[in-house]
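Undergrad: Structure supplied as structure.txt; contents: compact mmCIF, C-alpha atoms.
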# COMPACT_ATOMS: atom_id res chain seq x y z
CA MET O 365 36.88 -18.18 34.91
CA HIS O 366 36.08 -20.97 32.46
CA HIS O 367 32.48 -19.80 32.32
CA LEU O 368 33.64 -16.31 31.53
CA LEU O 369 35.75 -17.66 28.70
CA THR O 370 32.82 -19.65 27.36
CA LEU O 371 30.66 -16.54 27.40
CA THR O 372 33.43 -14.63 25.65
CA VAL O 373 33.57 -17.22 22.88
CA LEU O 374 29.78 -17.23 22.55
CA PHE O 375 29.60 -13.46 22.17
CA ALA O 376 32.44 -13.45 19.67
CA ALA O 377 30.58 -16.06 17.65
CA THR O 378 27.47 -13.87 17.43
CA LEU O 379 29.29 -11.10 15.61
CA VAL O 380 27.87 -11.20 12.12
CA ALA O 381 29.50 -9.88 8.98
CA HIS O 382 27.53 -7.51 6.70
CA SER O 383 26.65 -8.47 3.16
CA GLY O 384 26.94 -6.26 0.08
CA THR O 385 25.39 -6.17 -3.39
CA THR O 386 23.70 -9.35 -4.53
CA VAL O 387 22.92 -9.93 -8.18
CA TYR O 388 20.01 -12.39 -8.36
CA GLN O 389 19.79 -12.18 -12.13
CA LYS O 390 21.72 -10.13 -14.64
CA PRO O 391 19.42 -7.52 -16.25
CA SER O 392 20.36 -8.77 -19.73
CA ASP O 393 19.38 -12.31 -18.72
CA PHE O 394 16.04 -11.02 -17.45
CA ILE O 395 15.42 -9.25 -20.76
CA ARG O 396 16.38 -12.38 -22.67
CA SER O 397 14.09 -14.55 -20.57
CA ALA O 398 11.17 -12.20 -21.28
CA CYS O 399 11.98 -11.68 -24.97
CA GLY O 400 12.41 -15.16 -26.37
CA GLY O 401 16.10 -15.54 -25.62
CA GLN O 402 17.40 -12.32 -27.16
CA VAL O 403 17.83 -8.69 -26.23
CA PRO O 404 15.66 -6.66 -28.64
CA THR O 405 16.59 -3.18 -29.84
CA THR O 406 16.73 -0.77 -26.95
CA LYS O 407 14.19 2.07 -26.92
CA TYR O 408 13.85 4.89 -24.51
CA LEU O 409 11.30 7.26 -23.12
CA THR O 410 12.26 10.78 -22.24
CA LEU O 411 10.22 11.83 -19.26
CA THR O 412 8.76 15.27 -19.73
CA SER O 413 7.93 17.55 -16.82
CA SER O 414 4.27 16.49 -16.98
CA ASN O 415 5.36 12.83 -16.94
CA GLN O 416 7.55 13.55 -13.95
CA SER O 417 4.77 15.31 -12.07
CA ARG O 418 2.56 12.24 -12.57
CA ILE O 419 5.44 9.99 -11.47
CA LYS O 420 5.87 12.18 -8.44
CA ARG O 421 2.31 11.32 -7.47
CA LEU O 422 3.01 7.62 -8.05
CA MET O 423 6.27 7.30 -6.18
CA GLY O 424 6.61 10.46 -4.14
CA HIS O 425 9.45 11.91 -6.20
CA GLU O 426 10.57 12.31 -9.79
CA TYR O 427 12.24 9.38 -11.50
CA ARG O 428 15.96 9.55 -12.16
CA PRO O 429 17.30 9.40 -14.85
CA THR O 430 14.98 11.28 -17.18
CA ARG O 431 15.53 8.74 -19.97
CA VAL O 432 14.12 5.31 -19.24
CA ARG O 433 15.23 2.40 -21.40
CA TYR O 434 12.81 -0.32 -22.31
CA TRP O 435 12.52 -3.26 -24.66
CA THR O 436 9.47 -4.57 -26.48
CA TYR O 437 8.66 -8.07 -27.59
CA LYS O 438 5.32 -9.24 -29.01
CA GLY O 439 3.48 -6.28 -27.54
CA LYS O 440 5.07 -6.68 -24.13
CA MET O 441 7.23 -4.01 -22.55
CA VAL O 442 10.24 -4.95 -20.46
CA VAL O 443 11.62 -2.24 -18.25
CA ILE O 444 14.28 -2.25 -15.55
CA LEU O 445 13.80 0.30 -12.81
CA ASP O 446 15.82 1.42 -9.81
CA GLU O 447 14.38 2.72 -6.58
CA ILE O 448 15.96 3.37 -3.23
CA GLY O 449 14.80 0.97 -0.52
CA LYS O 450 16.33 2.53 2.55
CA THR O 451 19.67 3.85 1.35
CA ARG O 452 20.61 1.89 -1.77
CA PRO O 453 18.80 1.29 -5.08
CA ILE O 454 16.90 -1.92 -5.70
CA THR O 455 17.08 -2.93 -9.38
CA THR O 456 13.91 -4.65 -10.53
CA GLY O 457 12.72 -5.94 -13.87
CA PHE O 458 9.07 -5.63 -14.92
CA VAL O 459 7.24 -7.17 -17.84
CA VAL O 460 4.04 -5.30 -18.70
CA SER O 461 1.56 -6.56 -21.22
CA SER O 462 -1.73 -4.87 -22.20
CA GLY O 463 -1.57 -2.55 -19.20
CA LYS O 464 -1.11 -5.41 -16.75
CA ILE O 465 1.98 -6.57 -14.91
CA GLU O 466 2.96 -9.93 -16.30
CA SER O 467 5.99 -10.61 -14.17
CA VAL O 468 8.29 -8.95 -11.66
CA LYS O 469 11.78 -9.96 -10.71
CA MET O 470 14.13 -8.32 -8.28
CA LEU O 471 17.48 -8.37 -10.06
CA ILE O 472 20.00 -6.60 -7.87
CA TYR O 473 19.70 -5.94 -4.15
CA ARG O 474 22.15 -3.67 -2.39
CA GLU O 475 20.61 -3.13 1.05
CA THR O 476 21.68 -5.23 4.03
CA ILE O 477 18.16 -6.27 5.08
CA GLY O 478 14.84 -6.67 3.30
CA ALA O 479 15.86 -8.90 0.39
CA GLU O 480 12.81 -11.08 1.12
CA VAL O 481 11.01 -9.06 -1.56
CA ARG O 482 12.82 -11.21 -4.11
CA ARG O 483 10.67 -14.22 -3.21
CA THR O 484 8.17 -15.30 -5.81
CA THR O 485 5.47 -15.49 -3.11
CA PHE O 486 5.88 -11.73 -2.87
CA THR O 487 6.46 -10.82 -6.52
CA ASN O 488 3.56 -13.01 -7.70
CA GLN O 489 1.22 -10.61 -5.92
CA PHE O 490 1.93 -8.08 -8.69
CA LYS O 491 0.78 -10.39 -11.49
CA GLY O 492 -2.22 -8.99 -13.31
CA ALA O 493 -2.13 -5.68 -11.46
CA THR O 494 -3.19 -2.60 -13.40
CA LEU O 495 -2.80 1.07 -12.61
CA GLY O 496 -5.99 2.59 -11.29
CA SER O 497 -7.00 6.17 -12.05
CA SER O 498 -6.16 7.05 -8.45
CA GLY O 499 -2.58 5.91 -9.08
CA LYS O 500 -2.89 2.75 -7.01
CA LEU O 501 -2.26 -0.82 -8.04
CA SER O 502 -5.47 -2.72 -8.69
CA ARG O 503 -4.18 -5.62 -6.57
CA ARG O 504 -3.41 -5.51 -2.91
CA VAL O 505 0.25 -6.29 -2.19
CA ASN O 506 0.87 -7.62 1.29
CA ASN O 507 3.78 -6.18 3.15
CA ILE O 508 6.70 -8.33 4.31
CA ALA O 509 7.57 -7.84 7.97
CA GLY O 510 11.06 -6.42 8.26
CA ALA O 511 11.13 -5.33 4.62
CA THR O 512 8.63 -2.46 4.70
CA LEU O 513 10.80 0.00 2.79
CA SER O 514 11.75 -2.54 0.14
CA THR O 515 8.07 -3.50 -0.25
CA ARG O 516 7.16 0.14 -0.67
CA ALA O 517 9.93 0.63 -3.25
CA MET O 518 8.71 -2.40 -5.23
CA MET O 519 5.15 -1.09 -5.25
CA GLU O 520 6.30 2.35 -6.38
CA MET O 521 8.29 0.80 -9.22
CA GLY O 522 5.30 -1.34 -10.16
CA ARG O 523 3.13 1.77 -10.50
CA VAL O 524 5.80 3.55 -12.56
CA ALA O 525 6.29 0.52 -14.83
CA LEU O 526 2.56 0.49 -15.59
CA TYR O 527 2.55 4.23 -16.18
CA MET O 528 5.49 3.92 -18.58
CA ASP O 529 3.61 1.29 -20.51
CA GLN O 530 0.76 3.79 -20.85
CA ILE O 531 2.92 6.62 -22.17
CA ARG O 532 5.35 4.72 -24.37
CA PRO O 533 4.87 5.05 -28.15
CA LYS O 534 2.98 2.05 -29.50
CA MET V 318 22.91 -21.06 55.17
CA GLY V 319 25.43 -18.34 54.80
CA GLU V 320 27.72 -18.91 57.81
CA ASP V 321 31.43 -18.98 57.12
CA ARG V 322 33.20 -22.04 58.44
CA PRO V 323 36.59 -21.56 60.22
CA ARG V 324 39.20 -21.83 57.58
CA ARG V 325 42.20 -24.13 58.04
CA LYS V 326 45.67 -22.85 57.33
CA GLY V 327 46.78 -23.54 53.73
CA ARG V 328 43.27 -24.10 52.35
CA ARG V 329 41.70 -22.11 49.54
CA PRO V 330 39.76 -19.00 50.59
CA GLY V 331 36.06 -19.58 51.38
CA PRO V 332 33.26 -18.65 49.00
CA ARG V 333 32.49 -15.39 50.77
CA LYS V 334 36.04 -14.12 50.46
CA TRP V 335 36.14 -15.33 46.87
CA HIS V 336 32.89 -13.50 46.11
CA ARG V 337 34.14 -10.33 47.72
CA ARG V 338 37.42 -10.49 45.81
CA TRP V 339 35.69 -11.00 42.47
CA HIS V 340 33.17 -8.29 43.28
CA ARG V 341 36.00 -5.89 44.00
CA TYR V 342 38.07 -6.77 40.90
CA LEU V 343 35.16 -6.80 38.52
CA GLY V 344 33.83 -3.53 39.96
CA ALA V 345 37.21 -1.85 39.52
CA ALA V 346 37.76 -3.24 36.02
CA PHE V 347 34.35 -2.28 34.69
CA ALA V 348 33.81 1.02 36.51
CA LEU V 349 34.84 3.14 33.51
CA PRO V 350 32.93 1.16 30.83
CA LEU V 351 29.88 1.30 33.07
CA LEU V 352 30.25 5.05 33.43
CA TRP V 353 30.54 5.24 29.63
CA LEU V 354 27.25 3.36 29.24
CA VAL V 355 25.49 5.50 31.85
CA VAL V 356 26.60 8.80 30.32
CA SER V 357 25.87 7.76 26.72
CA GLY V 358 22.51 6.33 27.83
CA LEU V 359 21.56 9.63 29.47
CA LEU V 360 22.63 11.54 26.36
CA LEU V 361 20.49 9.27 24.20
CA GLN V 362 17.53 9.66 26.52
CA HIS V 363 17.69 13.44 26.19
CA GLY V 364 19.15 13.56 22.66
CA GLU V 365 16.26 15.45 21.12
CA ARG V 366 16.29 18.10 23.84
CA LEU V 367 20.04 18.49 23.45
CA GLY V 368 19.75 18.80 19.66
CA LEU V 369 21.78 15.67 19.00
CA THR V 370 19.20 14.36 16.52
CA GLU V 371 19.70 17.44 14.33
CA LYS V 372 23.33 18.35 14.73
CA LYS V 373 25.45 16.94 11.90
CA VAL V 374 28.82 15.35 12.48
CA SER V 375 31.56 17.46 10.93
CA SER V 376 34.55 15.51 12.17
CA ALA V 377 36.48 13.92 9.32
CA TRP V 378 37.85 11.32 11.74
CA LEU V 379 34.40 10.20 12.81
CA LEU V 380 33.13 10.16 9.23
CA LYS V 381 36.07 7.99 8.30
CA ARG V 382 35.04 5.59 11.07
CA TYR V 383 31.65 5.36 9.34
CA ASN V 384 33.30 4.82 5.95
CA GLN V 385 31.76 8.07 4.75
CA ILE V 386 35.21 9.28 3.79
CA PRO V 387 37.14 6.63 1.90
CA GLU V 388 40.71 5.62 2.43
CA GLY V 389 43.25 5.93 -0.36
CA VAL V 390 43.60 8.41 -3.14
CA PRO V 391 40.75 9.53 -5.46
CA ALA V 392 40.92 8.88 -9.18
CA VAL V 393 40.52 12.11 -11.11
CA THR V 394 40.05 12.88 -14.78
CA LYS V 395 39.21 15.92 -16.84
CA ALA V 396 36.28 15.72 -19.27
CA GLY V 397 35.79 18.92 -21.20
CA ARG V 398 35.18 21.63 -18.62
CA PHE V 399 34.27 19.07 -15.95
CA LEU V 400 36.52 17.56 -13.34
CA VAL V 401 35.27 14.06 -12.64
CA ALA V 402 36.47 12.09 -9.64
CA GLY V 403 35.83 8.69 -8.14
CA TRP V 404 36.72 7.86 -4.58
CA GLY V 405 35.75 4.75 -2.68
CA GLY V 406 32.83 4.04 -5.01
CA GLN V 407 31.52 7.61 -4.82
CA LEU V 408 31.47 9.85 -7.87
CA PHE V 409 32.02 13.58 -8.06
CA VAL V 410 31.60 16.14 -10.80
CA ASP V 411 33.40 19.37 -9.93
CA ASP V 412 32.29 20.15 -6.38
CA LYS V 413 29.16 18.00 -6.46
CA LEU V 414 28.74 14.51 -5.05
CA LEU V 415 26.65 12.40 -7.45
CA GLU V 416 23.90 10.10 -6.23
CA GLU V 417 25.15 7.45 -8.63
CA SER V 418 28.06 5.30 -7.56
CA GLY V 419 30.67 2.91 -8.89
CA THR V 420 34.37 2.59 -9.52
CA LEU V 421 35.39 5.29 -11.97
CA THR V 422 36.78 4.05 -15.27
CA GLY V 423 36.82 7.38 -17.07
CA ALA V 424 34.71 10.25 -18.37
CA VAL V 425 34.27 12.06 -21.65
CA ALA V 426 32.45 15.23 -22.59
CA LEU V 427 30.28 15.59 -25.69
CA PRO V 428 29.07 19.01 -26.84
CA ALA V 429 25.88 18.69 -24.75
CA GLU V 430 26.53 15.73 -22.48
CA LEU V 431 28.92 14.45 -19.89
CA VAL V 432 29.41 10.68 -19.95
CA VAL V 433 30.84 9.06 -16.82
CA ALA V 434 31.89 5.43 -17.02
CA THR V 435 32.24 3.13 -14.04
CA GLU V 436 33.23 -0.52 -14.12
CA ASN V 437 29.63 -1.70 -14.54
CA GLU V 438 27.58 1.29 -15.68
CA ILE V 439 27.65 4.46 -17.70
CA PHE V 440 25.90 7.60 -16.47
CA VAL V 441 24.94 10.41 -18.82
CA TYR V 442 24.35 14.00 -17.64
CA ASP V 443 23.46 17.13 -19.54
CA SER V 444 25.63 20.22 -19.40
CA GLN V 445 23.65 21.47 -16.40
CA GLY V 446 24.29 18.27 -14.45
CA LEU V 447 20.80 16.79 -14.97
CA TYR V 448 20.93 12.99 -14.85
CA LEU V 449 19.78 11.87 -18.28
CA ASP V 450 20.50 8.22 -18.81
CA ARG V 451 21.98 5.09 -17.35
CA LEU V 452 23.51 2.29 -19.38
CA GLY V 453 23.65 -0.87 -17.35
CA GLU V 454 25.13 -4.24 -18.16
CA GLU V 455 22.15 -4.87 -20.47
CA SER V 456 23.11 -1.89 -22.67
CA LEU V 457 26.85 -2.43 -22.80
CA PRO V 458 28.98 -4.78 -24.89
CA ALA V 459 30.48 -6.31 -21.74
CA VAL V 460 31.39 -5.49 -18.17
CA PRO V 461 33.63 -4.53 -16.52
CA LEU V 462 34.42 -1.52 -18.64
CA LEU V 463 38.15 -1.07 -18.92
CA GLY V 464 38.23 2.24 -20.72
CA ILE V 465 36.20 5.01 -22.34
CA GLY V 466 37.36 7.45 -24.97
CA LEU V 467 36.33 9.69 -27.82
CA ASP V 468 37.32 9.56 -31.46
CA SER V 469 37.62 12.54 -33.77
CA ASN V 470 33.89 12.28 -34.65
CA ASP V 471 32.87 12.54 -30.98
CA ARG V 472 31.85 8.90 -30.93
CA ILE V 473 32.25 7.09 -27.65
CA HIS V 474 34.55 4.07 -27.62
CA LEU V 475 34.48 1.46 -24.91
CA GLN V 476 37.24 -0.96 -24.07
CA THR V 477 36.21 -4.26 -22.48
CA ALA V 478 37.57 -7.79 -22.28
CA ASP V 479 35.50 -8.49 -25.42
CA GLY V 480 37.38 -5.86 -27.39
CA GLN V 481 36.76 -2.30 -28.46
CA HIS V 482 33.25 -1.10 -29.28
CA VAL V 483 31.72 2.16 -30.32
CA LEU V 484 28.37 3.38 -29.01
CA GLY V 485 25.68 4.29 -31.51
CA GLU V 486 23.21 7.15 -31.72
CA GLY V 487 21.58 7.90 -28.36
CA PHE V 488 23.76 5.18 -26.84
CA LEU V 489 21.03 2.70 -27.75
CA ASP V 490 23.32 0.20 -29.41
CA PHE V 491 26.96 -0.51 -30.06
CA GLU V 492 29.15 -2.07 -32.69
CA GLU V 493 32.73 -3.22 -32.98
CA ALA V 494 35.08 -0.31 -33.37
CA PRO V 495 36.77 0.03 -36.77
CA SER V 496 40.36 -1.09 -36.66
CA GLY V 497 42.86 1.71 -36.51
CA ALA V 498 40.42 4.21 -34.98
CA VAL V 499 42.25 6.99 -33.21
CA VAL V 500 40.77 7.34 -29.76
CA ALA V 501 41.61 9.75 -26.98
CA TRP V 502 41.13 7.54 -23.93
CA SER V 503 40.16 8.98 -20.59
CA THR V 504 42.85 8.05 -18.11
CA PRO V 505 42.07 8.89 -14.50
CA SER V 506 45.09 9.77 -12.43
CA GLU V 507 45.71 9.86 -8.70
CA GLY V 508 44.19 13.04 -7.30
CA PHE V 509 46.45 13.83 -4.36
CA ASN V 510 45.70 17.53 -4.77
CA GLU V 511 41.95 17.04 -4.97
CA ARG V 512 41.66 14.74 -1.94
CA ASP V 513 41.16 17.52 0.62
CA SER V 514 38.48 19.32 -1.39
CA LEU V 515 36.63 16.05 -2.03
CA GLN V 516 36.84 15.23 1.67
CA GLN V 517 35.36 18.65 2.43
CA ILE V 518 32.45 17.93 0.05
CA LEU V 519 31.78 14.69 1.92
CA VAL V 520 31.97 16.38 5.31
CA GLU V 521 29.58 19.14 4.24
CA GLY V 522 27.18 16.68 2.68
CA SER V 523 27.24 14.32 5.63
CA GLU V 524 23.88 13.20 6.95
CA PHE V 525 25.31 11.71 10.10
CA THR V 526 23.93 13.17 13.29
CA TRP V 527 25.47 13.09 16.74
CA SER V 528 22.53 11.00 17.86
CA ARG V 529 23.81 8.20 15.64
CA VAL V 530 27.32 8.57 17.06
CA ILE V 531 26.07 8.47 20.67
CA THR V 532 23.93 5.43 19.85
CA ASP V 533 26.99 3.70 18.47
CA LEU V 534 29.05 4.80 21.46
CA HIS V 535 26.41 3.28 23.71
CA SER V 536 26.32 0.01 21.81
CA GLY V 537 30.07 -0.03 21.22
CA SER V 538 29.55 -0.17 17.44
CA LEU V 539 31.71 2.91 16.94
CA LEU V 540 34.75 0.79 17.77
CA GLY V 541 33.59 -2.06 15.58
CA LYS V 542 33.31 -5.66 16.66
CA ILE V 543 35.71 -5.14 19.53
CA GLY V 544 33.58 -2.29 20.89
CA ARG V 545 30.36 -4.33 20.67
CA PHE V 546 32.07 -7.25 22.33
CA PHE V 547 33.34 -5.02 25.13
CA VAL V 548 29.85 -3.62 25.76
CA ASP V 549 28.51 -7.19 25.87
CA LEU V 550 31.25 -8.07 28.33
CA THR V 551 30.31 -5.05 30.48
CA GLY V 552 26.71 -6.25 30.48
CA VAL V 553 27.82 -9.69 31.66
CA ALA V 554 30.04 -8.06 34.30
CA VAL V 555 27.09 -6.03 35.62
CA PHE V 556 25.06 -9.21 35.85
CA VAL V 557 27.85 -11.03 37.71
CA LEU V 558 28.40 -8.03 40.00
CA THR V 559 24.69 -7.96 40.84
CA VAL V 560 24.62 -11.67 41.68
CA LEU V 561 27.79 -11.45 43.75
CA GLY V 562 26.56 -8.30 45.50
CA ILE V 563 23.26 -9.92 46.48
CA ARG V 564 25.01 -13.04 47.73
CA LEU V 565 27.46 -10.96 49.77
CA LEU V 566 24.58 -8.95 51.21
CA PHE V 567 22.71 -12.01 52.44
CA ARG V 568 25.77 -13.86 53.68
CA ARG V 569 26.74 -11.17 56.16
CA LYS V 570 26.82 -12.26 59.82
How does this structure look as structure tokens?
TA:
Amino acid sequence: MHHLLTLTVLFAATLVAHSGTTVYQKPSDFIRSACGGQVPTTKYLTLTSSNQSRIKRLMGHEYRPTRVRYWTYKGKMVVILDEIGKTRPITTGFVVSSGKIESVKMLIYRETIGAEVRRTTFTNQFKGATLGSSGKLSRRVNNIAGATLSTRAMMEMGRVALYMDQIRPK
Amino acid sequence: MGEDRPRRKGRRPGPRKWHRRWHRYLGAAFALPLLWLVVSGLLLQHGERLGLTEKKVSSAWLLKRYNQIPEGVPAVTKAGRFLVAGWGGQLFVDDKLLEESGTLTGAVALPAELVVATENEIFVYDSQGLYLDRLGEESLPAVPLLGIGLDSNDRIHLQTADGQHVLGEGFLDFEEAPSGAVVAWSTPSEGFNERDSLQQILVEGSEFTWSRVITDLHSGSLLGKIGRFFVDLTGVAVFVLTVLGIRLLFRRK
């Protein structure tokens, strides 16, 4: 009977609570860190239907919303994008300079699993990546086991960030 | 090995009798849970053939178990010709469930746009419901947003802990609101009358299939932690029953 009780306690101890939204960095702090400590004037791109059809090729669907806000600082573009990982959006900040990704930071994660994509060992793979004519990133990004959907979402956002840098008014 | 010794009067029952007793009690206690696991396992095995992977759950009770239908009363406000509601973090415009989410603070309608404010974000839609823009924490004076309203010039005012601000052209910037500005604030009220229709929208839009429900019945997850624990306990009971059964089998004279 005592053994049964011990087993009972062990099983009860394995019941794990689910986590919710985690803010790794506030978007405004990310913008400040990329723009010399201040948030520059907000600009936006309105995605036309031809833009959306190109985005559809890059990420498999049109981007929502149709207006995308971005900030510029010394020729760099900072953009914050959302993309669904499995069921919830992953908010990620991108800094693009001269058509290349300068830095990537996952800002808000809302899924229960797959947050490993926030690690710098993963995000550093994007550094220097450009958008090829075929719509692929010029650099290979290795998948993280157990975070396949989040990895895919990050890559899709990386492609869209580079595309937005191409089409934004300069 | 395996022979019962003659038992003296007043002594505890021998191991064989003890095993048999436990085998009997455990078998009786876990017969129904075991049957539950067998039936749900068979249903899962043949779920595709039975159409369980396609058939959507339309039971409000079950959807509530999955937190697809929130508890409590929705917050409802009128913005122009739109009825905007927030319920359990989900947002609705008229009879449409929005993909965006958050706790509704209020909503206002401009001539060509509907602006829905949640505690941490603002979502902008055109008159056809097309999602136009999102203002996150980086585009707002402060969060959480405590209120949203319109002045007589159709300028959007925001109330936060940092004071009252007014959004600029294209919602790209904001400035402190002039003192004495007359603002019609959006004040969501409790939507007792709208609750049933919103629940119906959630039921109709549900993506939950019976396959998921049967899976959770099998694992016990449908009943939460207690259910999972009970299924674990049944697994342990099956193991103990097997061991006891084998021992009883080989200890027979």
Undergrad: Could you list, as a count of residues only, every residue within 8 Å of Gly384 in chain O, counting only C-alpha atoms and ignoring same-chain residues fewer than 6 positions away?
TA: 3
Undergrad: To one decimal place in Å, what is the distance between CA of Pro429 in chain O and CA of Phe488 in chain V?
TA: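 Going from CA of Pro429 in chain O over to CA of Phe488 in chain V, I get 14.3 Å.
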Undergrad: Applying 10 Å and all atoms listed in the file, which residues near range 412-416 of chain V remain after dropping the ones on its own chain fewer than 6 positions away? List them as a ChimeraX atom specification.
TA: /O:428,452 /V:399-403,446,448,514-515,517-519,522
Undergrad: Could you give me, as a PyMOL selection string, the residues that have an atom at most 9 Å away from the point (-1.3, -9.2, -10.4) in the coordinates of the file, using only C-alpha atoms?
TA: chain O and resi 464-467+487-494+501-505
Undergrad: Hey, can you spit out that residue selection with C-alpha atoms as a PDB file, keeping the file's coordinate frame?
TA:
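See out_27.pdb below for the written result:
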ATOM      1  CA  LYS O 464      -1.110  -5.410 -16.750  1.00  0.00           C
ATOM      2  CA  ILE O 465       1.980  -6.570 -14.910  1.00  0.00           C
ATOM      3  CA  GLU O 466       2.960  -9.930 -16.300  1.00  0.00           C
ATOM      4  CA  SER O 467       5.990 -10.610 -14.170  1.00  0.00           C
ATOM      5  CA  THR O 487       6.460 -10.820  -6.520  1.00  0.00           C
ATOM      6  CA  ASN O 488       3.560 -13.010  -7.700  1.00  0.00           C
ATOM      7  CA  GLN O 489       1.220 -10.610  -5.920  1.00  0.00           C
ATOM      8  CA  PHE O 490       1.930  -8.080  -8.690  1.00  0.00           C
ATOM      9  CA  LYS O 491       0.780 -10.390 -11.490  1.00  0.00           C
ATOM     10  CA  GLY O 492      -2.220  -8.990 -13.310  1.00  0.00           C
ATOM     11  CA  ALA O 493      -2.130  -5.680 -11.460  1.00  0.00           C
ATOM     12  CA  THR O 494      -3.190  -2.600 -13.400  1.00  0.00           C
ATOM     13  CA  LEU O 501      -2.260  -0.820  -8.040  1.00  0.00           C
ATOM     14  CA  SER O 502      -5.470  -2.720  -8.690  1.00  0.00           C
ATOM     15  CA  ARG O 503      -4.180  -5.620  -6.570  1.00  0.00           C
ATOM     16  CA  ARG O 504      -3.410  -5.510  -2.910  1.00  0.00           C
ATOM     17  CA  VAL O 505       0.250  -6.290  -2.190  1.00  0.00           C
TER      18      VAL O 505
END
Undergrad: Rank O:Ile419, O:Met519, O:Ile444, O:Cys399 by their smallest atom-to-atom distance to chain V, using all atoms listed in the file, and report the top residue only.
TA: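 Using all atoms listed in the file, the shortest distance to chain V belongs to O:Ile444.
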Undergrad: Give me, as a list in words, the residues of chain O touching chain V, with the criterion being at most 6 Å (counting all atoms listed in the file).
TA: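 Only these qualify: Pro391, Ser392, Thr406, Pro429, Thr430 and Arg431 of chain O.
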Undergrad: Please provide as a ChimeraX atom specification all residues within 9 Å of Leu475 in chain V, with the sequence filter that same-chain residues fewer than 4 positions apart are discarded (counting all atoms listed in the file).
TA: /V:457-458,462-467,480-484,494
Undergrad: I'd like the contact shell of range 507-509 of chain O - 10 Å cut-off, all atoms listed in the file, skipping same-chain residues fewer than 2 positions apart - returned as a CSV table (one decimal) with C-alpha atoms, in the coordinates of the input.
TA:
chain,number,residue,atom,x,y,z
O,478,GLY,CA,14.8,-6.7,3.3
O,479,ALA,CA,15.9,-8.9,0.4
O,480,GLU,CA,12.8,-11.1,1.1
O,481,VAL,CA,11.0,-9.1,-1.6
O,486,PHE,CA,5.9,-11.7,-2.9
O,504,ARG,CA,-3.4,-5.5,-2.9
O,505,VAL,CA,0.2,-6.3,-2.2
O,511,ALA,CA,11.1,-5.3,4.6
O,512,THR,CA,8.6,-2.5,4.7
O,513,LEU,CA,10.8,0.0,2.8
O,514,SER,CA,11.8,-2.5,0.1
O,515,THR,CA,8.1,-3.5,-0.2
O,516,ARG,CA,7.2,0.1,-0.7
O,519,MET,CA,5.2,-1.1,-5.2
Undergrad: State, in Å with one decimal place, the distance from CA of Asp533 in chain V to CA of Gly405 in chain V.
TA: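 If I compute the distance from CA of Asp533 in chain V to CA of Gly405 in chain V, I get 22.9 Å.
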Undergrad: Pick out the residues sitting within 9 Å of Glu365 in chain V, and hand them over as a PyMOL selection string; count only C-alpha atoms, and ignore anything fewer than 5 positions along from it in its own chain.
TA: chain V and resi 370-371+528
Undergrad: To one decimal place, how far is CA of Thr456 in chain O from CA of Tyr527 in chain O in Å?
TA: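 Straight-line distance from CA of Thr456 in chain O to CA of Tyr527 in chain O works out to 15.5 Å.
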Undergrad: Which one of O:Gly439, O:Arg482, O:Asn506, O:Arg433 sits closest to Ala525 in chain O if you count only C-alpha atoms?
TA: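 With only C-alpha atoms as the atom set, the closest residue is O:Arg433.
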Undergrad: With only C-alpha atoms as the atoms that count, which of V:Ala345, V:Gly423, V:Trp404, V:Glu438 lies nearest to Asp513 in chain V?
TA: V:Trp404
Undergrad: Show me the residues around (12.4, -14.9, -25.0) - criterion: an atom at most 12 Å away, all atoms listed in the file counted - as a ChimeraX atom specification.
TA: /O:392-404,435-438,440,442,459
Undergrad: V:His363, V:His340, V:Leu380, V:Ser503: which is nearest Thr422 in chain V, counting only C-alpha atoms?
TA: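 With only C-alpha atoms as the atom set, the closest residue is V:Ser503.
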